[in-house]
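Worksheet: one structure, shown below.
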Amino acid sequence: MTMINAVITGIGSYTPDRILTNADFEKMVETNDEWIVSRTGIKERHVVSNGSGTSDLALKAGQRAMENAGIGPDDLDLIIVGTVTPDYQVPSAACIVQEKMGAFGAAAMDVSAACASFIYGLTSASGMIRSGQYRRILVIGAETLSSITDYTDRGTCVLFGDAAGSVVLEAKEGNAPEGVLSSVLETDGRYAKLLWIPVGGSVESYDPDSEGKQRIYLEMNGNEVFKVAVRAMVSSSRKVCEKAGVSKDDIALFIPHQANIRIIDAVRKRLGLPEEKVFVNIEKYGNTSSASVPLALDEAVKAGKAKKGDLVLMVAFGGGLTWGASIVRL
Ligand code: ACO
């Protein structure tokens, strides 16, 4: 029986040129390279220069993915941008990307699931393709976390960076499953305030006369988030393998959200995966939220760590708390 599969036909990413090293943070807050590297695995992160927004990063990553797929803006049916840092509160970052790209035949929307936004976007896109609604969707994870980071809080500022990653997802008829084989999305809103920005939404709006006393930056209970992150990433990885009918030994490459090297190691050990099957680039970029997984996927493919036909397991975790995993045959 013929089925419609949702297949990744192009991958791209983009990181801004400006780099903040651990030495730069030693001048900004009370911290040091040894603490940051041993507690997080991060050595540097890329950040935008003033005047650039999430749509600029998203545009470049999206264009690279489309070039890789051999398609142009007129070919797109839909643009999905996963982000917690859209250029504006209204409209969505995806609308700005659509305009900058000139993809006027494509619908556009954002998906907001913090660091899990790319997996949520990929899962939504895959469902829309498999149902026959759309044939070509550009899925982007893009963040300018530097715009919501408190650079006086050493507990969070050393962690975050800016980046974008993207895939083109296309419909392909076939007799056997390929492309996105299965996905799992999970949420627990009881943990909403472990990782949040208290001010700037509909409950407490930003007051320009507050003289900097309002809580307008990302706040995190790192310890608690850490514990849930390990449990959640392990459990969704197992669930998504079971759903796809594959064992962990079939996985060629595991691409976890790059939030903390200790989280990645703990998840890897619990899943029983060898180190060489786990992709890590956190030392260069820090935590780039929605961009983390597609940026890693792009680097992994370019480095030859995953090739056509390989099974790749991607798993992400973030504010909400939200988490999810996808298994893709490249
Ligand atoms: N430099 C030096 N010391 C520091 C720093 C720093 N940058 N940051 C914190 N410390 C200190 C703390 O003040 C504390 O000192 P104290 O013992 O005197 O009070 C000590 O180091 C230990 O602090 P902890 O918070 O317990 O450190 P921990 O080992 O838990 O590491 C970290 C903190 C890196 C934030 C970790 O908890 C973590 O990675 N959590 C998960 C983050 C995550 O996964 N986020 C995902 C989603 S992000 C998103 O959705 C956008």
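Here's how to read the names in the structure tokens: chain A, B, ... by the order shown, residue numbers from 1 in each chain, ligand numbers from 1 in the order shown.
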Check which residues fall inside 7 Å of ligand 1 when counting only C-alpha atoms and all ligand atoms, and print them as an MDAnalysis selection string. chainID A and resid 30:32 35:36 39:40 114:115 154:156 158 195 222:223 225:226 229 259:260 287 289 317:319
Cut-off 12 Å: closest segment 127-226 of chain A/segment 94-109 of chain A atom pairs per residue, using only C-alpha atoms, as a Markdown table:
```
| residue | atom | partner | partner_atom | distance |
| --- | --- | --- | --- | --- |
| A:Tyr134 | CA | A:Ala106 | CA | 10.1 |
| A:Arg135 | CA | A:Ala106 | CA | 11.2 |
| A:Arg136 | CA | A:Ala106 | CA | 9.4 |
| A:Ile137 | CA | A:Ala106 | CA | 8.6 |
| A:Leu138 | CA | A:Ala106 | CA | 9.5 |
| A:Val139 | CA | A:Ala94 | CA | 9.8 |
| A:Ile140 | CA | A:Ala94 | CA | 8.9 |
| A:Gly141 | CA | A:Ala94 | CA | 10.5 |
| A:Ala142 | CA | A:Ala94 | CA | 10.2 |
```
Save out the residues we just selected, C-alpha atoms, as a short mmCIF file (atom, residue, chain, number, x, y, z; two decimals), in the first residue's frame.
```
data_model
loop_
_atom_site.label_atom_id
_atom_site.label_comp_id
_atom_site.auth_asym_id
_atom_site.auth_seq_id
_atom_site.Cartn_x
_atom_site.Cartn_y
_atom_site.Cartn_z
CA TYR A 134 0.92 20.16 2.48
CA ARG A 135 3.82 18.87 0.37
CA ARG A 136 6.75 21.14 1.35
CA ILE A 137 7.33 22.71 4.75
CA LEU A 138 10.35 24.67 5.98
CA VAL A 139 10.88 24.00 9.69
CA ILE A 140 13.24 26.36 11.49
CA GLY A 141 14.44 26.54 15.10
CA ALA A 142 15.85 30.02 15.75
#
```
Excluding Val84 of chain A and any residue of its chain fewer than 5 positions from it, enumerate the residues within 12 Å of it, using only C-alpha atoms, and give them as a ChimeraX atom specification. /A:54-55,89,92-93,110-118,141-148,162,196-197,218,288-291,318-320
Filtering to N, CA and C atoms, could you give me those residues as an mmCIF file, in the first residue's frame?
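Final file, part-v5.cif:
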```
data_model
loop_
_atom_site.group_PDB
_atom_site.id
_atom_site.type_symbol
_atom_site.label_atom_id
_atom_site.label_comp_id
_atom_site.auth_asym_id
_atom_site.auth_seq_id
_atom_site.Cartn_x
_atom_site.Cartn_y
_atom_site.Cartn_z
ATOM 1 N N THR A 54 15.822 37.453 15.568
ATOM 2 C CA THR A 54 15.659 36.020 15.303
ATOM 3 C C THR A 54 15.361 35.746 13.831
ATOM 4 N N SER A 55 14.561 36.617 13.195
ATOM 5 C CA SER A 55 14.203 36.361 11.783
ATOM 6 C C SER A 55 15.433 36.409 10.880
ATOM 7 N N GLN A 89 6.234 40.752 19.560
ATOM 8 C CA GLN A 89 5.180 39.918 20.149
ATOM 9 C C GLN A 89 4.134 39.579 19.081
ATOM 10 N N SER A 92 4.191 36.943 14.216
ATOM 11 C CA SER A 92 5.118 35.854 14.499
ATOM 12 C C SER A 92 6.432 36.055 13.725
ATOM 13 N N ALA A 93 7.498 35.426 14.212
ATOM 14 C CA ALA A 93 8.788 35.485 13.496
ATOM 15 C C ALA A 93 8.647 34.874 12.105
ATOM 16 N N ASP A 110 4.513 30.477 14.081
ATOM 17 C CA ASP A 110 5.515 30.095 15.081
ATOM 18 C C ASP A 110 4.979 28.959 15.943
ATOM 19 N N VAL A 111 5.915 28.188 16.496
ATOM 20 C CA VAL A 111 5.586 27.177 17.499
ATOM 21 C C VAL A 111 6.392 27.535 18.743
ATOM 22 N N SER A 112 5.726 27.625 19.893
ATOM 23 C CA SER A 112 6.408 28.032 21.113
ATOM 24 C C SER A 112 6.405 26.898 22.129
ATOM 25 N N ALA A 113 7.520 26.190 22.233
ATOM 26 C CA ALA A 113 7.657 25.133 23.234
ATOM 27 C C ALA A 113 9.088 25.181 23.782
ATOM 28 N N ALA A 114 9.571 26.419 23.984
ATOM 29 C CA ALA A 114 10.928 26.651 24.508
ATOM 30 C C ALA A 114 11.952 25.814 23.727
ATOM 31 N N CYS A 115 12.872 25.177 24.442
ATOM 32 C CA CYS A 115 13.955 24.450 23.746
ATOM 33 C C CYS A 115 13.439 23.257 22.943
ATOM 34 N N ALA A 116 12.199 22.834 23.200
ATOM 35 C CA ALA A 116 11.640 21.703 22.449
ATOM 36 C C ALA A 116 10.896 22.180 21.198
ATOM 37 N N SER A 117 10.920 23.466 20.899
ATOM 38 C CA SER A 117 10.103 24.020 19.795
ATOM 39 C C SER A 117 10.418 23.381 18.447
ATOM 40 N N PHE A 118 11.687 23.072 18.180
ATOM 41 C CA PHE A 118 11.996 22.477 16.875
ATOM 42 C C PHE A 118 11.348 21.105 16.750
ATOM 43 N N GLY A 141 14.319 26.231 13.666
ATOM 44 C CA GLY A 141 14.443 26.537 15.101
ATOM 45 C C GLY A 141 15.410 27.703 15.195
ATOM 46 N N ALA A 142 14.979 28.829 15.749
ATOM 47 C CA ALA A 142 15.846 30.020 15.752
ATOM 48 C C ALA A 142 15.679 30.789 17.053
ATOM 49 N N GLU A 143 16.789 31.230 17.613
ATOM 50 C CA GLU A 143 16.702 31.979 18.881
ATOM 51 C C GLU A 143 17.735 33.091 18.952
ATOM 52 N N THR A 144 17.308 34.168 19.561
ATOM 53 C CA THR A 144 18.212 35.233 19.976
ATOM 54 C C THR A 144 18.092 35.299 21.499
ATOM 55 N N LEU A 145 18.633 34.266 22.153
ATOM 56 C CA LEU A 145 18.483 34.191 23.618
ATOM 57 C C LEU A 145 19.190 35.357 24.310
ATOM 58 N N SER A 146 20.180 35.942 23.613
ATOM 59 C CA SER A 146 20.878 37.092 24.216
ATOM 60 C C SER A 146 19.903 38.230 24.532
ATOM 61 N N SER A 147 18.737 38.254 23.839
ATOM 62 C CA SER A 147 17.777 39.341 24.079
ATOM 63 C C SER A 147 16.944 39.118 25.342
ATOM 64 N N ILE A 148 16.959 37.896 25.889
ATOM 65 C CA ILE A 148 16.173 37.645 27.115
ATOM 66 C C ILE A 148 17.066 37.150 28.251
ATOM 67 N N ASP A 162 22.996 32.410 20.643
ATOM 68 C CA ASP A 162 22.054 32.676 19.545
ATOM 69 C C ASP A 162 22.420 31.804 18.337
ATOM 70 N N TRP A 196 11.129 30.587 33.331
ATOM 71 C CA TRP A 196 10.124 31.509 32.804
ATOM 72 C C TRP A 196 10.615 32.945 32.812
ATOM 73 N N ILE A 197 9.843 33.806 32.136
ATOM 74 C CA ILE A 197 10.065 35.249 32.198
ATOM 75 C C ILE A 197 8.791 35.829 32.820
ATOM 76 N N LEU A 218 14.962 35.838 31.419
ATOM 77 C CA LEU A 218 14.758 34.415 31.682
ATOM 78 C C LEU A 218 15.265 34.056 33.079
ATOM 79 N N THR A 288 21.312 26.879 22.728
ATOM 80 C CA THR A 288 20.666 27.791 21.770
ATOM 81 C C THR A 288 19.182 27.452 21.616
ATOM 82 N N SER A 289 18.607 26.815 22.640
ATOM 83 C CA SER A 289 17.174 26.533 22.701
ATOM 84 C C SER A 289 16.672 25.846 21.428
ATOM 85 N N SER A 290 15.684 26.420 20.752
ATOM 86 C CA SER A 290 15.074 25.764 19.576
ATOM 87 C C SER A 290 16.069 25.470 18.464
ATOM 88 N N ALA A 291 17.171 26.228 18.415
ATOM 89 C CA ALA A 291 18.138 26.044 17.331
ATOM 90 C C ALA A 291 19.074 24.872 17.591
ATOM 91 N N GLY A 318 12.746 21.616 27.375
ATOM 92 C CA GLY A 318 12.825 23.043 27.695
ATOM 93 C C GLY A 318 11.688 23.544 28.567
ATOM 94 N N GLY A 319 11.601 24.866 28.657
ATOM 95 C CA GLY A 319 10.605 25.539 29.495
ATOM 96 C C GLY A 319 9.200 25.069 29.174
ATOM 97 N N GLY A 320 8.363 25.075 30.180
ATOM 98 C CA GLY A 320 6.964 24.631 29.984
ATOM 99 C C GLY A 320 6.399 23.868 31.183
#
```
Mind checking which residues fall within 10 Å of segment 295-303 of chain A, counting only C-alpha atoms, ignoring those fewer than 6 positions away in the same chain, and posting them as a PyMOL selection string? chain A and resi 10-15+61+65+140-142+163-167+253-258+278-282+285+288+312+314+330
Per DSSP on the backbone, filter segment 21-238 of chain A down to the residues in strand (DSSP E) and report them as number ranges by chain. A: 21, 44-47, 78-82, 107-111, 136-144, 162-174, 179-187, 195-196, 219-220
Counting only C-alpha atoms, the residue of A:Pro177, A:Gly201, A:Gly286, A:Gly272 that sits nearest Ala244 of chain A: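 Looking only at the distances to Ala244 of chain A, the closest residue turns out to be A:Pro177.
Between atom CA of Ser182 of chain A and atom CA of Val328 of chain A the separation is 7.4 Å.
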Per DSSP on the backbone, filter segment 39-124 of chain A down to the residues in helix (DSSP H, G or I) and report them as a PDB file with N, CA and C atoms, in the first residue's frame.
```
ATOM      1  N   ARG A  39      31.005  22.447  34.941  1.00  0.00           N
ATOM      2  CA  ARG A  39      29.582  22.320  35.297  1.00  0.00           C
ATOM      3  C   ARG A  39      28.662  22.275  34.097  1.00  0.00           C
ATOM      4  N   THR A  40      29.145  22.799  32.918  1.00  0.00           N
ATOM      5  CA  THR A  40      28.231  22.872  31.760  1.00  0.00           C
ATOM      6  C   THR A  40      28.812  22.305  30.461  1.00  0.00           C
ATOM      7  N   THR A  54      15.822  37.453  15.568  1.00  0.00           N
ATOM      8  CA  THR A  54      15.659  36.020  15.303  1.00  0.00           C
ATOM      9  C   THR A  54      15.361  35.746  13.831  1.00  0.00           C
ATOM     10  N   SER A  55      14.561  36.617  13.195  1.00  0.00           N
ATOM     11  CA  SER A  55      14.203  36.361  11.783  1.00  0.00           C
ATOM     12  C   SER A  55      15.433  36.409  10.880  1.00  0.00           C
ATOM     13  N   ASP A  56      16.449  37.209  11.248  1.00  0.00           N
ATOM     14  CA  ASP A  56      17.666  37.276  10.414  1.00  0.00           C
ATOM     15  C   ASP A  56      18.419  35.947  10.456  1.00  0.00           C
ATOM     16  N   LEU A  57      18.504  35.357  11.650  1.00  0.00           N
ATOM     17  CA  LEU A  57      19.171  34.059  11.793  1.00  0.00           C
ATOM     18  C   LEU A  57      18.341  32.975  11.093  1.00  0.00           C
ATOM     19  N   ALA A  58      17.026  33.031  11.332  1.00  0.00           N
ATOM     20  CA  ALA A  58      16.113  32.028  10.757  1.00  0.00           C
ATOM     21  C   ALA A  58      16.163  32.060   9.233  1.00  0.00           C
ATOM     22  N   LEU A  59      16.189  33.271   8.682  1.00  0.00           N
ATOM     23  CA  LEU A  59      16.216  33.429   7.226  1.00  0.00           C
ATOM     24  C   LEU A  59      17.442  32.728   6.640  1.00  0.00           C
ATOM     25  N   LYS A  60      18.606  32.988   7.227  1.00  0.00           N
ATOM     26  CA  LYS A  60      19.841  32.416   6.671  1.00  0.00           C
ATOM     27  C   LYS A  60      19.853  30.889   6.792  1.00  0.00           C
ATOM     28  N   ALA A  61      19.439  30.377   7.946  1.00  0.00           N
ATOM     29  CA  ALA A  61      19.403  28.914   8.115  1.00  0.00           C
ATOM     30  C   ALA A  61      18.403  28.305   7.139  1.00  0.00           C
ATOM     31  N   GLY A  62      17.241  28.948   6.998  1.00  0.00           N
ATOM     32  CA  GLY A  62      16.197  28.445   6.102  1.00  0.00           C
ATOM     33  C   GLY A  62      16.660  28.456   4.653  1.00  0.00           C
ATOM     34  N   GLN A  63      17.326  29.537   4.246  1.00  0.00           N
ATOM     35  CA  GLN A  63      17.822  29.611   2.864  1.00  0.00           C
ATOM     36  C   GLN A  63      18.851  28.513   2.593  1.00  0.00           C
ATOM     37  N   ARG A  64      19.707  28.258   3.587  1.00  0.00           N
ATOM     38  CA  ARG A  64      20.713  27.193   3.414  1.00  0.00           C
ATOM     39  C   ARG A  64      20.047  25.817   3.295  1.00  0.00           C
ATOM     40  N   ALA A  65      19.005  25.589   4.083  1.00  0.00           N
ATOM     41  CA  ALA A  65      18.297  24.298   4.001  1.00  0.00           C
ATOM     42  C   ALA A  65      17.626  24.150   2.640  1.00  0.00           C
ATOM     43  N   MET A  66      17.047  25.255   2.140  1.00  0.00           N
ATOM     44  CA  MET A  66      16.366  25.194   0.836  1.00  0.00           C
ATOM     45  C   MET A  66      17.365  24.972  -0.295  1.00  0.00           C
ATOM     46  N   GLU A  67      18.518  25.629  -0.186  1.00  0.00           N
ATOM     47  CA  GLU A  67      19.568  25.441  -1.195  1.00  0.00           C
ATOM     48  C   GLU A  67      20.019  23.972  -1.208  1.00  0.00           C
ATOM     49  N   ASN A  68      20.177  23.427  -0.009  1.00  0.00           N
ATOM     50  CA  ASN A  68      20.573  22.024   0.145  1.00  0.00           C
ATOM     51  C   ASN A  68      19.526  21.075  -0.464  1.00  0.00           C
ATOM     52  N   ALA A  69      18.248  21.479  -0.379  1.00  0.00           N
ATOM     53  CA  ALA A  69      17.166  20.650  -0.921  1.00  0.00           C
ATOM     54  C   ALA A  69      16.951  20.910  -2.405  1.00  0.00           C
ATOM     55  N   PRO A  73      11.900  29.668  -2.706  1.00  0.00           N
ATOM     56  CA  PRO A  73      10.799  30.137  -1.852  1.00  0.00           C
ATOM     57  C   PRO A  73       9.412  29.883  -2.435  1.00  0.00           C
ATOM     58  N   ASP A  74       9.312  29.858  -3.770  1.00  0.00           N
ATOM     59  CA  ASP A  74       7.987  29.634  -4.378  1.00  0.00           C
ATOM     60  C   ASP A  74       7.497  28.202  -4.169  1.00  0.00           C
ATOM     61  N   ASP A  75       8.417  27.307  -3.806  1.00  0.00           N
ATOM     62  CA  ASP A  75       8.036  25.896  -3.645  1.00  0.00           C
ATOM     63  C   ASP A  75       7.411  25.602  -2.283  1.00  0.00           C
ATOM     64  N   ALA A  93       7.498  35.426  14.212  1.00  0.00           N
ATOM     65  CA  ALA A  93       8.788  35.485  13.496  1.00  0.00           C
ATOM     66  C   ALA A  93       8.647  34.874  12.105  1.00  0.00           C
ATOM     67  N   ALA A  94       7.787  33.860  11.982  1.00  0.00           N
ATOM     68  CA  ALA A  94       7.615  33.172  10.691  1.00  0.00           C
ATOM     69  C   ALA A  94       7.091  34.128   9.618  1.00  0.00           C
ATOM     70  N   CYS A  95       6.218  35.060  10.024  1.00  0.00           N
ATOM     71  CA  CYS A  95       5.698  36.046   9.050  1.00  0.00           C
ATOM     72  C   CYS A  95       6.824  36.939   8.545  1.00  0.00           C
ATOM     73  N   ILE A  96       7.738  37.321   9.425  1.00  0.00           N
ATOM     74  CA  ILE A  96       8.859  38.184   9.029  1.00  0.00           C
ATOM     75  C   ILE A  96       9.792  37.400   8.099  1.00  0.00           C
ATOM     76  N   VAL A  97      10.016  36.138   8.439  1.00  0.00           N
ATOM     77  CA  VAL A  97      10.867  35.285   7.590  1.00  0.00           C
ATOM     78  C   VAL A  97      10.229  35.142   6.203  1.00  0.00           C
ATOM     79  N   GLN A  98       8.914  34.915   6.181  1.00  0.00           N
ATOM     80  CA  GLN A  98       8.222  34.764   4.891  1.00  0.00           C
ATOM     81  C   GLN A  98       8.439  35.992   4.015  1.00  0.00           C
ATOM     82  N   GLU A  99       8.343  37.183   4.634  1.00  0.00           N
ATOM     83  CA  GLU A  99       8.508  38.431   3.865  1.00  0.00           C
ATOM     84  C   GLU A  99       9.944  38.573   3.378  1.00  0.00           C
ATOM     85  N   LYS A 100      10.921  38.322   4.284  1.00  0.00           N
ATOM     86  CA  LYS A 100      12.334  38.487   3.903  1.00  0.00           C
ATOM     87  C   LYS A 100      12.754  37.474   2.829  1.00  0.00           C
ATOM     88  N   MET A 101      12.116  36.313   2.873  1.00  0.00           N
ATOM     89  CA  MET A 101      12.446  35.249   1.928  1.00  0.00           C
ATOM     90  C   MET A 101      11.718  35.426   0.602  1.00  0.00           C
ATOM     91  N   ALA A 114       9.571  26.419  23.984  1.00  0.00           N
ATOM     92  CA  ALA A 114      10.928  26.651  24.508  1.00  0.00           C
ATOM     93  C   ALA A 114      11.952  25.814  23.727  1.00  0.00           C
ATOM     94  N   CYS A 115      12.872  25.177  24.442  1.00  0.00           N
ATOM     95  CA  CYS A 115      13.955  24.450  23.746  1.00  0.00           C
ATOM     96  C   CYS A 115      13.439  23.257  22.943  1.00  0.00           C
ATOM     97  N   ALA A 116      12.199  22.834  23.200  1.00  0.00           N
ATOM     98  CA  ALA A 116      11.640  21.703  22.449  1.00  0.00           C
ATOM     99  C   ALA A 116      10.896  22.180  21.198  1.00  0.00           C
ATOM    100  N   SER A 117      10.920  23.466  20.899  1.00  0.00           N
ATOM    101  CA  SER A 117      10.103  24.020  19.795  1.00  0.00           C
ATOM    102  C   SER A 117      10.418  23.381  18.447  1.00  0.00           C
ATOM    103  N   PHE A 118      11.687  23.072  18.180  1.00  0.00           N
ATOM    104  CA  PHE A 118      11.996  22.477  16.875  1.00  0.00           C
ATOM    105  C   PHE A 118      11.348  21.105  16.750  1.00  0.00           C
ATOM    106  N   ILE A 119      11.435  20.299  17.808  1.00  0.00           N
ATOM    107  CA  ILE A 119      10.822  18.956  17.762  1.00  0.00           C
ATOM    108  C   ILE A 119       9.296  19.092  17.636  1.00  0.00           C
ATOM    109  N   TYR A 120       8.711  20.060  18.336  1.00  0.00           N
ATOM    110  CA  TYR A 120       7.264  20.297  18.217  1.00  0.00           C
ATOM    111  C   TYR A 120       6.927  20.733  16.783  1.00  0.00           C
ATOM    112  N   GLY A 121       7.763  21.586  16.191  1.00  0.00           N
ATOM    113  CA  GLY A 121       7.533  22.061  14.822  1.00  0.00           C
ATOM    114  C   GLY A 121       7.678  20.944  13.803  1.00  0.00           C
ATOM    115  N   LEU A 122       8.716  20.136  13.982  1.00  0.00           N
ATOM    116  CA  LEU A 122       8.963  19.013  13.063  1.00  0.00           C
ATOM    117  C   LEU A 122       7.807  18.011  13.120  1.00  0.00           C
ATOM    118  N   THR A 123       7.326  17.762  14.324  1.00  0.00           N
ATOM    119  CA  THR A 123       6.221  16.808  14.507  1.00  0.00           C
ATOM    120  C   THR A 123       4.941  17.342  13.857  1.00  0.00           C
ATOM    121  N   SER A 124       4.686  18.637  14.036  1.00  0.00           N
ATOM    122  CA  SER A 124       3.495  19.248  13.417  1.00  0.00           C
ATOM    123  C   SER A 124       3.610  19.167  11.904  1.00  0.00           C
TER     124      SER A 124
END
```
Would you list the contacts of Asn5 of chain A as JSON, numbers by chain, taking every protein, DNA or RNA residue within 9 Å and counting only C-alpha atoms, but skipping same-chain residues closer than 5 positions in sequence? {"A": [126, 129, 130, 170, 171, 172, 173, 174, 176, 177, 178, 179, 180, 181]}
